[in-house]
Amino acid sequence: MTTTEAPTEFIEATLDLPVRYIDRSRNYYLTLGYDNPYRWAHNTEVPFTPMTRPVREARIAIVTTAAPYNPAAGDQGPWASYNADAKFTRVYSTPIDPAPDLRISHVGYDRKHTSAEDVNAYLPLQRAKEAASEGRIGQLNERLYAVPTLRSQRLTTERDAPEILQLCREDRIDGAILVAT
Amino acid sequence: MLGCARDIVESAGVPRFVFSDFPLGNSAGKPFDLTSQQGILALALDLLDSARAPRTTVQTPYRWSEDAAWKRDFYKLDMTPEQLAKAREEMDGQKAVLAAKLAGD
């Protein structure tokens with residue numbers, strides 16, 4: 001009888017598939033000794049609202065999970081390690097001119113391959129301003145919105161999402177682009 | 001929505017999803033790469049105009065690198081017991097920081 005060793009490499013690297021983060025994070029937390037790995041959100045029903053006017057005539061807002069740079073909260077620069085001190089806990093909005101200094105050290109991005117030194121890789125604000133000046137976007141909303149990342153689906157769905165919706169209605173936006181990190 | 005974690009976003013379910021097969025943290029494009037940054041935003045705007053049903057996913061054509069080696073590293077498990085203990089300690093610390101922040105709200 002021959003035995004075959006189980007491959008030690010992730011199959012997504014071998015076959016160039018999208019990384020299965022749900023599987024990986026479950027295994028990671030179990031290996032670390034947590035017996036209750038994070039349960040990712042799963043909805044069977046997903047809402048859909050068609051645009052009421054083309055993007056060329058629409059008011060579009062950007063929604064981010066990035067945090068305002070906070071000099072008191074430790075390293076938030078390129079290659080910063082995961083920094084929960086830099087997390088924000090409530091929805092906020094901020095003007096897009098001048099461009100706000102927003103960072104992502106407080107979220108679990110790929111620390112080996114992502115430097116986070118180019119804001120345009122995680123916040124397409126400058127690219128969106130260009131699209132607006134070229135006429136591809138009717139109007140870019142004068143402020144962007146930010147939603148906190150608190151590992152709580154209850155806070156996200158029951159508290160934060162309604163607040164984001166309220167901001168969208170105040171500004172009468174037609175469409176929003178949420179940029180996950 | 002722009003994102004790099006296809007399974008997580010599609011599990012939650014969103015109306016329209018522009019997926020880039022990049023390391024987490026680059027949902028809007030590759031760093032210092034105008035082509036992918038402009039292209040991803042253009043796909044998002046096109047999708048707003050064209051989508052007709054929820055859970056519409058578009059995968060962007062850009063590649064992070066020639067090969068897929070970067071996919072080997074995230075949440076890698078081949079740690080020594082010492083590395084494992086350190087990772088657990090750091091995670092506990094970060095969780096405590098977040099809990100304190102939420103309690104202080």
# chains A, B, ... in the order shown; residues from 1 in each chain; ligands from 1

$ interface_residues --of "chain A" --to "chain B" --cutoff "7 Å" --atoms "only C-alpha atoms" --output "PyMOL selection string"
chain A and resi 9-10+12-13+16+18-22+24-25+28+32+40-43+46-48+50-51+54-55+84-85+89+109-110+113-114+116+118+120-124+127+177-181

$ select_by_dssp --residues "stretch 136-169 of chain A" --states "helix (DSSP H, G or I)" --output "PyMOL selection string"
chain A and resi 153-169

$ write_last_selection --atoms "N, CA and C atoms" --output "compact mmCIF listing (two decimals), in the first residue's frame"
# COMPACT_ATOMS: atom_id res chain seq x y z
N GLN A 153 -21.73 41.62 13.69
CA GLN A 153 -22.75 41.78 12.64
C GLN A 153 -23.97 42.51 13.16
N ARG A 154 -24.22 42.37 14.47
CA ARG A 154 -25.35 43.08 15.04
C ARG A 154 -25.14 44.60 14.92
N LEU A 155 -23.95 45.08 15.32
CA LEU A 155 -23.70 46.52 15.22
C LEU A 155 -23.73 46.97 13.77
N THR A 156 -23.18 46.16 12.87
CA THR A 156 -23.14 46.56 11.46
C THR A 156 -24.55 46.66 10.88
N THR A 157 -25.38 45.65 11.12
CA THR A 157 -26.68 45.64 10.45
C THR A 157 -27.72 46.49 11.18
N GLU A 158 -27.66 46.50 12.51
CA GLU A 158 -28.74 47.17 13.25
C GLU A 158 -28.42 48.63 13.57
N ARG A 159 -27.14 48.97 13.70
CA ARG A 159 -26.80 50.33 14.07
C ARG A 159 -26.14 51.09 12.91
N ASP A 160 -25.06 50.50 12.35
CA ASP A 160 -24.23 51.27 11.41
C ASP A 160 -24.86 51.39 10.02
N ALA A 161 -25.39 50.30 9.49
CA ALA A 161 -25.97 50.37 8.14
C ALA A 161 -27.11 51.38 8.07
N PRO A 162 -28.04 51.39 9.06
CA PRO A 162 -29.09 52.42 9.01
C PRO A 162 -28.52 53.84 9.06
N GLU A 163 -27.42 54.03 9.80
CA GLU A 163 -26.83 55.38 9.85
C GLU A 163 -26.25 55.77 8.49
N ILE A 164 -25.61 54.82 7.82
CA ILE A 164 -25.09 55.09 6.47
C ILE A 164 -26.25 55.44 5.53
N LEU A 165 -27.33 54.68 5.62
CA LEU A 165 -28.50 54.94 4.77
C LEU A 165 -29.05 56.35 5.02
N GLN A 166 -29.08 56.72 6.29
CA GLN A 166 -29.57 58.06 6.64
C GLN A 166 -28.70 59.14 5.97
N LEU A 167 -27.37 58.96 6.01
CA LEU A 167 -26.47 59.92 5.38
C LEU A 167 -26.72 59.97 3.88
N CYS A 168 -26.92 58.80 3.27
CA CYS A 168 -27.18 58.73 1.82
C CYS A 168 -28.45 59.52 1.49
N ARG A 169 -29.44 59.39 2.34
CA ARG A 169 -30.71 60.10 2.07
C ARG A 169 -30.56 61.60 2.28

$ select_by_dssp --residues "stretch 44-119 of chain A" --states "strand (DSSP E or B)" --output "list in words"
Arg59, Ile60, Ala61, Ile62, Val63, Thr64, Ala67, Pro68, Tyr92, Ser93, Thr94, Pro95, Leu102 and Arg103 of chain A

$ write_last_selection --atoms "N, CA and C atoms" --output "CSV table (one decimal), in the first residue's frame"
chain,number,residue,atom,x,y,z
A,59,ARG,N,-25.6,61.2,-8.6
A,59,ARG,CA,-24.8,61.6,-7.5
A,59,ARG,C,-24.3,60.4,-6.8
A,60,ILE,N,-23.0,60.2,-6.8
A,60,ILE,CA,-22.4,59.0,-6.3
A,60,ILE,C,-21.6,59.2,-5.1
A,61,ALA,N,-21.7,58.4,-4.0
A,61,ALA,CA,-20.9,58.6,-2.8
A,61,ALA,C,-20.0,57.4,-2.7
A,62,ILE,N,-18.9,57.6,-2.0
A,62,ILE,CA,-17.9,56.5,-1.7
A,62,ILE,C,-18.1,56.2,-0.2
A,63,VAL,N,-18.2,54.9,0.1
A,63,VAL,CA,-18.2,54.4,1.5
A,63,VAL,C,-17.0,53.6,1.8
A,64,THR,N,-16.3,53.9,2.8
A,64,THR,CA,-15.0,53.2,3.1
A,64,THR,C,-15.0,52.6,4.5
A,67,ALA,N,-9.9,54.5,8.4
A,67,ALA,CA,-10.0,55.3,9.6
A,67,ALA,C,-9.2,56.6,9.4
A,68,PRO,N,-9.7,57.7,10.0
A,68,PRO,CA,-8.9,58.9,10.0
A,68,PRO,C,-7.6,58.7,10.8
A,92,TYR,N,-18.9,57.7,10.5
A,92,TYR,CA,-18.6,59.1,10.3
A,92,TYR,C,-18.6,59.5,8.9
A,93,SER,N,-18.7,60.8,8.6
A,93,SER,CA,-18.6,61.3,7.3
A,93,SER,C,-17.5,62.4,7.3
A,94,THR,N,-16.9,62.6,6.1
A,94,THR,CA,-15.8,63.6,6.1
A,94,THR,C,-15.8,64.2,4.6
A,95,PRO,N,-15.5,65.5,4.5
A,95,PRO,CA,-15.4,66.1,3.2
A,95,PRO,C,-14.3,65.5,2.4
A,102,LEU,N,-6.8,59.0,5.4
A,102,LEU,CA,-7.5,57.8,5.9
A,102,LEU,C,-6.5,56.6,5.8
A,103,ARG,N,-6.5,55.8,6.8
A,103,ARG,CA,-5.6,54.6,6.9
A,103,ARG,C,-6.3,53.3,7.1

$ atom_distance --atom1 "atom CA of A:Ala146" --atom2 "atom CA of A:Gly77"
19.2 Å

$ residues_around --residues "A:Ile137" --least-positions-apart "4" --cutoff "6 Å" --atoms "only C-alpha atoms" --output "ChimeraX atom specification"
/A:55-56,131-132

$ write_last_selection --atoms "N, CA and C atoms" --output "mmCIF file, in the first residue's frame"
data_model
loop_
_atom_site.group_PDB
_atom_site.id
_atom_site.type_symbol
_atom_site.label_atom_id
_atom_site.label_comp_id
_atom_site.auth_asym_id
_atom_site.auth_seq_id
_atom_site.Cartn_x
_atom_site.Cartn_y
_atom_site.Cartn_z
ATOM 1 N N VAL A 55 -25.231 56.695 -14.365
ATOM 2 C CA VAL A 55 -24.163 57.220 -13.514
ATOM 3 C C VAL A 55 -23.689 58.591 -14.009
ATOM 4 N N ARG A 56 -23.701 58.799 -15.321
ATOM 5 C CA ARG A 56 -23.273 60.095 -15.881
ATOM 6 C C ARG A 56 -24.118 61.266 -15.393
ATOM 7 N N ALA A 131 -12.926 60.736 -12.562
ATOM 8 C CA ALA A 131 -14.079 60.252 -13.344
ATOM 9 C C ALA A 131 -15.189 61.300 -13.369
ATOM 10 N N ALA A 132 -15.357 62.018 -12.253
ATOM 11 C CA ALA A 132 -16.379 63.066 -12.207
ATOM 12 C C ALA A 132 -15.997 64.225 -13.122
#
